[in-house]
>>> print(open('work-v1.cif').read())   # mmCIF, C-alpha atoms and all ligand atoms
data_input
#
loop_
_atom_site.label_atom_id
_atom_site.label_comp_id
_atom_site.auth_asym_id
_atom_site.auth_seq_id
_atom_site.Cartn_x
_atom_site.Cartn_y
_atom_site.Cartn_z
CA MET A 1 65.12 72.89 210.37
CA VAL A 2 67.21 76.00 209.77
CA VAL A 3 70.63 75.19 208.38
CA LEU A 4 73.64 77.15 209.46
CA SER A 5 74.36 79.03 206.27
CA GLN A 6 75.51 82.55 207.12
CA PRO A 7 78.92 82.91 205.50
CA ALA A 8 80.37 84.33 208.71
CA LEU A 9 79.46 81.15 210.57
CA ASP A 10 80.42 78.65 207.85
CA HIS A 11 83.62 77.47 209.48
CA TYR A 12 82.18 77.00 212.92
CA THR A 13 80.76 73.89 214.41
CA SER A 14 77.12 74.02 215.28
CA ILE A 15 75.39 71.33 217.23
CA LYS A 16 71.79 70.35 217.33
CA THR A 17 70.47 69.94 220.82
CA CYS A 18 67.14 68.13 220.46
CA LYS A 19 65.86 69.13 223.84
CA PRO A 20 67.35 72.11 225.65
CA THR A 21 70.30 71.03 227.77
CA SER A 22 69.17 70.79 231.35
CA VAL A 23 70.69 72.80 234.14
CA PHE A 24 73.13 70.94 236.37
CA THR A 25 70.94 70.66 239.44
CA GLY A 26 73.39 68.41 241.28
CA LEU A 27 76.28 70.90 241.08
CA PRO A 28 78.38 70.47 244.24
CA VAL A 29 78.93 73.83 245.94
CA ILE A 30 81.79 73.79 248.43
CA ASN A 31 82.61 76.42 251.03
CA LEU A 32 86.41 76.59 251.36
CA ARG A 33 86.06 77.33 255.11
CA ASP A 34 83.73 74.40 255.80
CA PRO A 35 85.49 71.83 258.05
CA GLU A 36 84.00 69.18 255.76
CA ALA A 37 85.43 70.82 252.60
CA LYS A 38 88.15 68.18 252.07
CA THR A 39 85.71 65.30 252.16
CA LEU A 40 83.16 67.10 249.97
CA MET A 41 85.85 68.00 247.40
CA VAL A 42 86.99 64.41 247.04
CA LYS A 43 83.40 63.23 246.66
CA ALA A 44 82.65 65.91 244.02
CA CYS A 45 85.81 65.08 242.08
CA GLU A 46 85.15 61.32 242.18
CA GLU A 47 81.67 61.88 240.87
CA TYR A 48 82.02 64.83 238.48
CA GLY A 49 85.64 66.08 238.41
CA PHE A 50 84.05 69.45 238.99
CA PHE A 51 82.66 71.70 241.71
CA LYS A 52 81.83 75.29 242.53
CA LEU A 53 83.90 76.97 245.23
CA VAL A 54 82.45 79.70 247.44
CA ASN A 55 83.88 81.67 250.37
CA HIS A 56 87.24 81.35 248.61
CA GLY A 57 88.86 84.55 249.88
CA VAL A 58 89.84 85.98 246.48
CA PRO A 59 88.74 89.65 246.49
CA MET A 60 85.92 90.38 244.04
CA GLU A 61 87.79 93.58 243.19
CA PHE A 62 90.60 91.53 241.57
CA MET A 63 88.11 89.67 239.38
CA ILE A 64 86.29 92.80 238.25
CA ARG A 65 89.50 94.73 237.60
CA LEU A 66 90.86 91.97 235.40
CA GLU A 67 87.53 91.52 233.61
CA THR A 68 87.45 95.25 232.84
CA GLU A 69 91.01 95.18 231.51
CA ALA A 70 90.30 92.07 229.45
CA LEU A 71 87.27 93.73 227.87
CA ARG A 72 89.33 96.82 227.16
CA PHE A 73 91.80 94.62 225.29
CA PHE A 74 89.22 92.58 223.37
CA ASN A 75 87.41 95.76 222.30
CA LEU A 76 90.56 97.12 220.62
CA PRO A 77 90.64 97.20 216.79
CA GLN A 78 91.43 93.79 215.25
CA SER A 79 94.68 95.08 213.73
CA VAL A 80 95.97 96.06 217.20
CA LYS A 81 94.97 92.75 218.79
CA ASP A 82 96.62 90.81 215.97
CA LYS A 83 99.94 92.36 216.93
CA ALA A 84 99.69 90.51 220.24
CA GLY A 85 99.49 87.15 218.40
CA PRO A 86 100.03 84.37 217.55
CA PRO A 87 98.98 82.49 220.69
CA GLU A 88 101.80 79.90 220.64
CA PRO A 89 103.26 79.69 223.16
CA PHE A 90 101.74 82.89 224.64
CA GLY A 91 99.75 85.72 223.09
CA TYR A 92 96.51 86.59 221.34
CA GLY A 93 94.47 84.07 219.38
CA SER A 94 91.20 84.29 217.53
CA LYS A 95 88.94 81.45 216.35
CA ARG A 96 91.71 78.86 216.01
CA ILE A 97 92.30 76.72 219.09
CA GLY A 98 95.48 74.66 219.28
CA PRO A 99 97.58 73.66 216.28
CA ASN A 100 95.39 70.95 214.73
CA GLY A 101 92.41 72.60 213.08
CA ASP A 102 90.00 73.20 215.96
CA VAL A 103 87.99 76.41 215.71
CA GLY A 104 85.56 78.16 218.02
CA TRP A 105 83.55 81.36 218.39
CA ILE A 106 86.22 82.82 220.62
CA GLU A 107 89.09 85.26 221.07
CA TYR A 108 91.66 84.70 223.79
CA LEU A 109 94.95 85.60 225.40
CA LEU A 110 97.25 82.86 226.62
CA LEU A 111 99.65 84.11 229.29
CA ASN A 112 102.49 82.78 231.37
CA THR A 113 101.73 82.63 235.10
CA ASN A 114 105.21 83.77 235.97
CA PRO A 115 105.21 87.58 236.37
CA GLN A 116 108.92 87.82 235.51
CA VAL A 117 108.37 86.61 231.97
CA THR A 118 107.64 89.63 229.84
CA SER A 119 108.17 88.98 226.16
CA LEU A 120 108.00 91.62 223.46
CA LYS A 121 104.60 90.28 222.49
CA THR A 122 103.35 90.62 226.04
CA LEU A 123 104.39 94.23 225.94
CA THR A 124 102.12 94.69 222.92
CA ILE A 125 99.23 93.25 224.93
CA PHE A 126 99.92 95.70 227.74
CA ARG A 127 100.60 98.57 225.35
CA GLN A 128 97.57 100.75 226.11
CA ASN A 129 98.06 100.97 229.83
CA PRO A 130 100.95 98.67 230.68
CA GLU A 131 100.98 98.99 234.45
CA ILE A 132 97.22 98.75 234.92
CA PHE A 133 96.88 95.60 232.83
CA ARG A 134 100.01 94.00 234.22
CA SER A 135 99.05 94.56 237.86
CA ALA A 136 95.46 93.40 237.24
CA VAL A 137 96.82 90.12 235.81
CA ASN A 138 99.47 89.67 238.50
CA ASP A 139 97.21 90.44 241.49
CA TYR A 140 94.56 88.08 240.19
CA ILE A 141 96.95 85.23 239.40
CA LEU A 142 98.72 85.50 242.74
CA ALA A 143 95.46 85.32 244.70
CA VAL A 144 94.05 82.47 242.59
CA LYS A 145 97.28 80.46 242.85
CA ARG A 146 97.21 80.73 246.66
CA MET A 147 93.63 79.55 246.70
CA ALA A 148 94.39 76.68 244.26
CA PHE A 149 97.27 75.52 246.50
CA GLU A 150 94.89 75.44 249.44
CA VAL A 151 92.32 73.47 247.45
CA LEU A 152 94.99 70.91 246.48
CA ASP A 153 96.22 70.63 250.09
CA LEU A 154 92.68 69.95 251.24
CA MET A 155 92.20 67.41 248.47
CA ALA A 156 95.42 65.66 249.49
CA GLU A 157 94.14 65.52 253.07
CA GLY A 158 90.78 64.21 251.92
CA LEU A 159 92.57 61.52 249.91
CA LYS A 160 94.90 60.79 252.87
CA ILE A 161 97.97 61.55 250.78
CA GLU A 162 101.18 62.39 252.64
CA PRO A 163 102.79 64.84 252.78
CA ARG A 164 99.88 67.25 252.63
CA ASN A 165 101.60 69.33 249.94
CA ALA A 166 102.26 66.36 247.63
CA LEU A 167 99.93 67.87 244.99
CA SER A 168 100.33 71.60 245.55
CA ARG A 169 104.14 71.41 245.52
CA LEU A 170 103.98 70.71 241.79
CA LEU A 171 102.25 74.03 241.19
CA ARG A 172 104.29 75.90 243.81
CA ASP A 173 107.53 74.79 242.09
CA GLU A 174 109.16 77.70 240.26
CA LYS A 175 109.47 75.43 237.22
CA SER A 176 105.76 74.57 237.29
CA ASP A 177 104.37 74.55 233.75
CA SER A 178 101.19 76.47 234.51
CA CYS A 179 99.41 78.93 232.26
CA PHE A 180 96.63 81.46 232.29
CA ARG A 181 93.92 82.10 229.75
CA LEU A 182 91.57 85.05 229.22
CA ASN A 183 88.68 84.02 226.96
CA TYR A 184 86.27 86.35 225.21
CA TYR A 185 83.20 84.84 223.54
CA PRO A 186 81.59 87.59 221.45
CA PRO A 187 77.81 87.61 221.20
CA CYS A 188 76.52 85.97 218.02
CA PRO A 189 73.20 87.62 217.02
CA GLU A 190 72.84 85.33 213.94
CA LEU A 191 72.24 82.49 216.39
CA GLN A 192 68.70 83.66 217.03
CA ALA A 193 67.76 82.59 213.49
CA LEU A 194 69.16 79.11 214.04
CA SER A 195 66.44 77.72 216.23
CA GLY A 196 67.44 74.57 218.02
CA ARG A 197 71.09 74.87 217.07
CA ASN A 198 73.99 76.06 219.14
CA LEU A 199 77.35 77.44 218.16
CA ILE A 200 80.48 76.05 219.72
CA GLY A 201 82.55 78.68 221.54
CA PHE A 202 85.14 76.18 222.84
CA GLY A 203 84.72 72.56 221.81
CA GLU A 204 84.47 69.66 224.24
CA HIS A 205 87.70 68.57 225.87
CA THR A 206 89.36 67.70 229.14
CA ASP A 207 92.17 69.87 230.48
CA PRO A 208 95.53 68.11 230.42
CA GLN A 209 96.93 69.71 233.61
CA ILE A 210 96.40 68.92 237.31
CA ILE A 211 93.71 71.45 238.13
CA SER A 212 91.97 74.37 236.42
CA VAL A 213 90.37 77.28 238.24
CA LEU A 214 87.76 79.16 236.22
CA ARG A 215 85.94 82.39 236.88
CA SER A 216 83.51 83.94 234.40
CA ASN A 217 81.21 86.91 234.17
CA ASN A 218 77.47 86.35 234.54
CA THR A 219 76.97 84.95 231.01
CA SER A 220 76.07 81.29 230.65
CA GLY A 221 77.66 78.89 228.16
CA LEU A 222 79.72 76.44 230.21
CA GLN A 223 78.54 72.84 230.08
CA ILE A 224 79.97 69.68 231.56
CA CYS A 225 79.51 66.08 230.56
CA LEU A 226 78.23 63.74 233.27
CA ARG A 227 79.31 60.08 233.64
CA ASP A 228 76.26 58.86 231.70
CA GLY A 229 77.26 61.05 228.72
CA THR A 230 74.59 63.74 229.17
CA TRP A 231 75.55 67.37 228.94
CA VAL A 232 74.36 69.81 231.59
CA SER A 233 74.76 73.56 231.70
CA VAL A 234 76.42 75.23 234.64
CA PRO A 235 74.64 78.41 235.79
CA PRO A 236 77.16 81.26 235.76
CA ASP A 237 78.17 82.88 239.04
CA GLN A 238 80.61 85.76 238.78
CA THR A 239 81.43 85.68 242.48
CA SER A 240 82.54 82.03 242.62
CA PHE A 241 85.15 79.77 241.09
CA PHE A 242 84.62 76.55 239.20
CA ILE A 243 87.26 73.89 239.80
CA ASN A 244 88.06 71.30 237.10
CA ILE A 245 90.10 68.17 237.58
CA GLY A 246 92.66 67.71 234.79
CA ASP A 247 94.06 64.53 233.19
CA ALA A 248 97.30 64.64 235.23
CA LEU A 249 95.39 64.48 238.53
CA GLN A 250 93.27 61.63 237.19
CA VAL A 251 96.50 59.69 236.60
CA MET A 252 98.06 60.68 239.94
CA THR A 253 94.99 59.31 241.72
CA ASN A 254 95.00 56.19 239.50
CA GLY A 255 91.62 57.10 238.06
CA ARG A 256 89.92 57.79 241.39
CA LEU A 257 89.37 61.47 240.55
CA LYS A 258 88.12 62.01 237.01
CA SER A 259 89.05 64.79 234.62
CA VAL A 260 85.88 66.48 233.44
CA ARG A 261 84.85 66.85 229.80
CA HIS A 262 83.50 70.34 229.25
CA ARG A 263 82.67 72.83 226.50
CA VAL A 264 81.38 76.36 226.03
CA LEU A 265 78.47 77.37 223.75
CA ALA A 266 78.17 80.88 222.33
CA GLU A 267 75.33 83.18 223.38
CA SER A 268 73.37 85.30 220.94
CA LEU A 269 73.25 88.55 222.88
CA LYS A 270 75.76 88.61 225.69
CA SER A 271 79.52 88.32 225.61
CA ARG A 272 81.13 85.84 227.94
CA VAL A 273 84.48 86.57 229.60
CA SER A 274 86.29 83.85 231.47
CA MET A 275 89.68 83.68 233.16
CA ILE A 276 91.28 80.33 233.83
CA TYR A 277 94.37 79.32 235.72
CA PHE A 278 95.72 75.94 234.56
CA GLY A 279 98.00 74.46 237.21
CA GLY A 280 100.55 72.14 235.64
CA PRO A 281 103.64 70.35 237.02
CA PRO A 282 107.26 70.97 235.94
CA LEU A 283 107.99 69.51 232.49
CA SER A 284 110.38 66.90 233.89
CA GLU A 285 107.91 65.62 236.51
CA LYS A 286 106.91 61.95 236.31
CA ILE A 287 103.13 61.66 236.25
CA ALA A 288 102.21 58.44 238.00
CA PRO A 289 99.73 57.30 240.64
CA LEU A 290 100.78 58.27 244.17
CA PRO A 291 101.79 55.02 245.93
CA SER A 292 99.27 55.49 248.74
CA LEU A 293 96.46 55.56 246.17
CA VAL A 294 97.34 52.21 244.64
CA ALA A 295 95.82 49.53 246.81
CA LYS A 296 97.78 46.35 247.65
CA GLY A 297 97.59 43.91 244.78
CA GLU A 298 96.56 46.65 242.37
CA GLU A 299 98.77 48.41 239.88
CA SER A 300 98.90 51.63 237.94
CA LEU A 301 96.30 51.92 235.19
CA TYR A 302 98.74 54.05 233.22
CA LYS A 303 102.11 53.71 231.53
CA GLU A 304 104.94 55.85 232.92
CA PHE A 305 105.35 59.27 231.39
CA THR A 306 106.56 62.78 232.16
CA TRP A 307 104.45 65.91 231.94
CA TRP A 308 106.57 66.95 228.93
CA GLU A 309 105.62 63.71 227.15
CA TYR A 310 101.95 64.17 227.94
CA LYS A 311 101.92 67.81 226.91
CA THR A 312 103.74 67.06 223.65
CA SER A 313 101.23 64.36 222.86
CA ALA A 314 98.32 66.68 223.78
CA TYR A 315 99.51 69.30 221.33
CA LYS A 316 99.40 66.68 218.56
CA SER A 317 95.77 65.89 219.35
CA ARG A 318 92.42 67.45 218.44
CA LEU A 319 90.48 69.13 221.22
CA ALA A 320 87.84 66.40 221.60
CA ASP A 321 90.30 63.48 221.54
CA TYR A 322 90.54 61.15 224.52
CA ARG A 323 94.18 62.00 225.24
CA LEU A 324 94.70 59.63 228.16
CA GLY A 325 93.94 56.65 225.91
CA LEU A 326 97.51 56.54 224.57
CA PHE A 327 98.85 56.28 228.11
CA GLU A 328 96.58 53.61 229.50
CA LYS A 329 97.88 50.09 230.09
CA ASN A 330 95.84 47.56 228.16
C1 LIG A 401 92.94 72.78 226.91
C2 LIG A 401 93.27 73.50 228.23
C3 LIG A 401 93.99 74.84 228.01
O1 LIG A 401 93.07 75.81 227.52
C4 LIG A 401 95.15 74.70 226.97
C5 LIG A 401 94.52 74.26 225.67
C6 LIG A 401 95.45 74.12 224.45
C7 LIG A 401 95.39 75.36 223.54
O2 LIG A 401 94.37 76.04 223.47
O3 LIG A 401 96.40 75.59 222.86
C8 LIG A 401 95.04 72.81 223.72
C9 LIG A 401 93.98 72.14 224.65
C10 LIG A 401 94.18 72.83 225.98
C11 LIG A 401 94.14 70.60 224.77
C12 LIG A 401 94.73 69.88 223.54
C13 LIG A 401 95.58 70.77 222.64
C14 LIG A 401 96.21 71.87 223.48
C15 LIG A 401 94.47 72.94 222.32
C16 LIG A 401 94.66 71.57 221.76
C17 LIG A 401 94.03 71.10 220.69
C18 LIG A 401 95.99 75.97 226.92
C19 LIG A 401 95.94 73.47 227.30
O4 LIG A 401 96.93 73.40 227.98
O5 LIG A 401 95.37 72.37 226.67
#
>>> encode(input="work-v1.cif", output="structure tokens", more="lines below")
Ligand code: GA4
Amino acid sequence: MVVLSQPALDHYTSIKTCKPTSVFTGLPVINLRDPEAKTLMVKACEEYGFFKLVNHGVPMEFMIRLETEALRFFNLPQSVKDKAGPPEPFGYGSKRIGPNGDVGWIEYLLLNTNPQVTSLKTLTIFRQNPEIFRSAVNDYILAVKRMAFEVLDLMAEGLKIEPRNALSRLLRDEKSDSCFRLNYYPPCPELQALSGRNLIGFGEHTDPQIISVLRSNNTSGLQICLRDGTWVSVPPDQTSFFINIGDALQVMTNGRLKSVRHRVLAESLKSRVSMIYFGGPPLSEKIAPLPSLVAKGEESLYKEFTWWEYKTSAYKSRLADYRLGLFEKN
């Protein structure tokens, strides 16, 4: 067995996958315009907390324009990119993920989803061509938000939740605590020498929010964990979106929809670029099962908490931790 010994890779986590991870053959693919979409979404989220969305109406041009701008940023000299950091609460980050020692083979930009918020640091990010970058981000986020609201409205219908906007209103709220992430996973040529081992780009975790909407270029790397604990890789598709259920929606549905554990592995020759919208509720919002989803005689599986409390607790955790555990009733 080859041991990961290159100095440059010393601090990274490598994993040994005995047999190659199999491709997720059961991946639910949902057409947003299909009259059955609401039912299919609920089924996919009960089973996997994850599905691929096609015919979503977001112009491909917005995706490509933002991908081009992101690559332009990530290809800048390190000293320039560093000026756009640190990533907390928003800005450029490299290798370190979160405040508690997690690392990955990754560079990223964390951004606010509210176009009005332009900090000094954000101006550094947009320095090269401020208007081009800014409008690429804003056009993309606006279109993806609209689509995410529609997905949540359909899910609410599929779950027979009333009113229909009971979920999407949390993201539509001007105080919604949503964020946006541009990830860049550089190629790692040294990986070729490490037969049978993989390098972690972004370690396994569930997203704390309500819903996450991911789009990537055509490079593979994303894997999800199925109910039986096996990991499967998700074939990339640059024209589609991948929808993830987050912890908050798991709680709001009293465990009916499951948040999905996922991770990203680095590739040896191709860079991966992903863009993710994380839809979160306002900080003061109580996160609790919607009454219509708690059957008579049943009760909430979770203690009462606000999104602020959950988020604060999440930022004290390590990426792979089971964050909902602290909020479950015994
Ligand atoms: C996972 C989902 C989003 O990317 C994110 C991540 C955040 C970060 O990168 O700073 C966290 C992670 C994410 C969950 C637990 C905490 C917080 C890193 C970490 C160890 C922006 C988010 O909201 O939670």
>>> residues_around(input="work-v1.cif", residues="stretch 37-53 of chain A", least_positions_apart="5", cutoff="9 Å", atoms="all atoms listed in the file", output="number ranges by chain")
A: 27-32, 151, 153-159, 224-227, 240-246, 250, 255-261
>>> atom_distance(input="work-v1.cif", atom1="atom C13 of ligand LIG 401 (chain A)", atom2="atom CA of A:Phe202")
11.8 Å
>>> residues_near_ligand(input="work-v1.cif", ligand="ligand LIG 401 (chain A)", cutoff="6 Å", atoms="all atoms listed in the file", output="MDAnalysis selection string")
chainID A and resid 97:98 207:208 314:315 317:319
>>> residues_around(input="work-v1.cif", residues="A:Val103", least_positions_apart="2", cutoff="8 Å", atoms="all atoms listed in the file", output="PyMOL selection string")
chain A and resi 11-13+95-97+101+105+202-203
>>> write_last_selection(input="work-v1.cif", atoms="C-alpha atoms", output="PDB file, in the coordinates of the input")
ATOM      1  CA  HIS A  11      83.620  77.470 209.480  1.00  0.00           C
ATOM      2  CA  TYR A  12      82.180  77.000 212.920  1.00  0.00           C
ATOM      3  CA  THR A  13      80.760  73.890 214.410  1.00  0.00           C
ATOM      4  CA  LYS A  95      88.940  81.450 216.350  1.00  0.00           C
ATOM      5  CA  ARG A  96      91.710  78.860 216.010  1.00  0.00           C
ATOM      6  CA  ILE A  97      92.300  76.720 219.090  1.00  0.00           C
ATOM      7  CA  GLY A 101      92.410  72.600 213.080  1.00  0.00           C
ATOM      8  CA  TRP A 105      83.550  81.360 218.390  1.00  0.00           C
ATOM      9  CA  PHE A 202      85.140  76.180 222.840  1.00  0.00           C
ATOM     10  CA  GLY A 203      84.720  72.560 221.810  1.00  0.00           C
TER      11      GLY A 203
END
>>> closest_residue(input="work-v1.cif", among="A:Asn254, A:Thr219, A:Ser22, A:Asn198", to="A:Glu299", atoms="only C-alpha atoms")
A:Asn254
>>> closest_residue(input="work-v1.cif", among="A:Pro86, A:Pro281, A:Gly229, A:Gly93", to="A:Lys311", atoms="all atoms listed in the file")
A:Pro281
>>> atom_distance(input="work-v1.cif", atom1="atom CA of A:Ala143", atom2="atom CA of A:Thr113")
11.8 Å
>>> atom_distance(input="work-v1.cif", atom1="atom CA of A:Lys83", atom2="atom CA of A:Tyr108")
13.2 Å
>>> closest_residue(input="work-v1.cif", among="A:Ala193, A:Pro163, A:Ala248, A:Gly279", to="A:Glu304", atoms="only C-alpha atoms")
A:Ala248
>>> residues_around(input="work-v1.cif", residues="stretch 173-187 of chain A", least_positions_apart="4", cutoff="6 Å", atoms="all atoms listed in the file", output="PDB file with C-alpha atoms, keeping the file's coordinate frame")
ATOM      1  CA  ILE A 106      86.220  82.820 220.620  1.00  0.00           C
ATOM      2  CA  GLU A 107      89.090  85.260 221.070  1.00  0.00           C
ATOM      3  CA  TYR A 108      91.660  84.700 223.790  1.00  0.00           C
ATOM      4  CA  LEU A 109      94.950  85.600 225.400  1.00  0.00           C
ATOM      5  CA  LEU A 110      97.250  82.860 226.620  1.00  0.00           C
ATOM      6  CA  LEU A 111      99.650  84.110 229.290  1.00  0.00           C
ATOM      7  CA  ASN A 112     102.490  82.780 231.370  1.00  0.00           C
ATOM      8  CA  THR A 113     101.730  82.630 235.100  1.00  0.00           C
ATOM      9  CA  ARG A 169     104.140  71.410 245.520  1.00  0.00           C
ATOM     10  CA  GLU A 267      75.330  83.180 223.380  1.00  0.00           C
ATOM     11  CA  SER A 268      73.370  85.300 220.940  1.00  0.00           C
ATOM     12  CA  LEU A 269      73.250  88.550 222.880  1.00  0.00           C
ATOM     13  CA  LYS A 270      75.760  88.610 225.690  1.00  0.00           C
ATOM     14  CA  SER A 271      79.520  88.320 225.610  1.00  0.00           C
ATOM     15  CA  ARG A 272      81.130  85.840 227.940  1.00  0.00           C
ATOM     16  CA  VAL A 273      84.480  86.570 229.600  1.00  0.00           C
ATOM     17  CA  SER A 274      86.290  83.850 231.470  1.00  0.00           C
ATOM     18  CA  MET A 275      89.680  83.680 233.160  1.00  0.00           C
ATOM     19  CA  ILE A 276      91.280  80.330 233.830  1.00  0.00           C
ATOM     20  CA  TYR A 277      94.370  79.320 235.720  1.00  0.00           C
ATOM     21  CA  PHE A 278      95.720  75.940 234.560  1.00  0.00           C
ATOM     22  CA  GLY A 279      98.000  74.460 237.210  1.00  0.00           C
ATOM     23  CA  GLY A 280     100.550  72.140 235.640  1.00  0.00           C
ATOM     24  CA  PRO A 281     103.640  70.350 237.020  1.00  0.00           C
ATOM     25  CA  PRO A 282     107.260  70.970 235.940  1.00  0.00           C
TER      26      PRO A 282
END
>>> closest_residue(input="work-v1.cif", among="A:Leu214, A:Thr68, A:Gln78, A:Thr239", to="A:Val54", atoms="all atoms listed in the file")
A:Thr239
>>> closest_residue(input="work-v1.cif", among="A:Val251, A:Val232, A:Ala148, A:Met60", to="A:Ser212", atoms="only C-alpha atoms")
A:Ala148
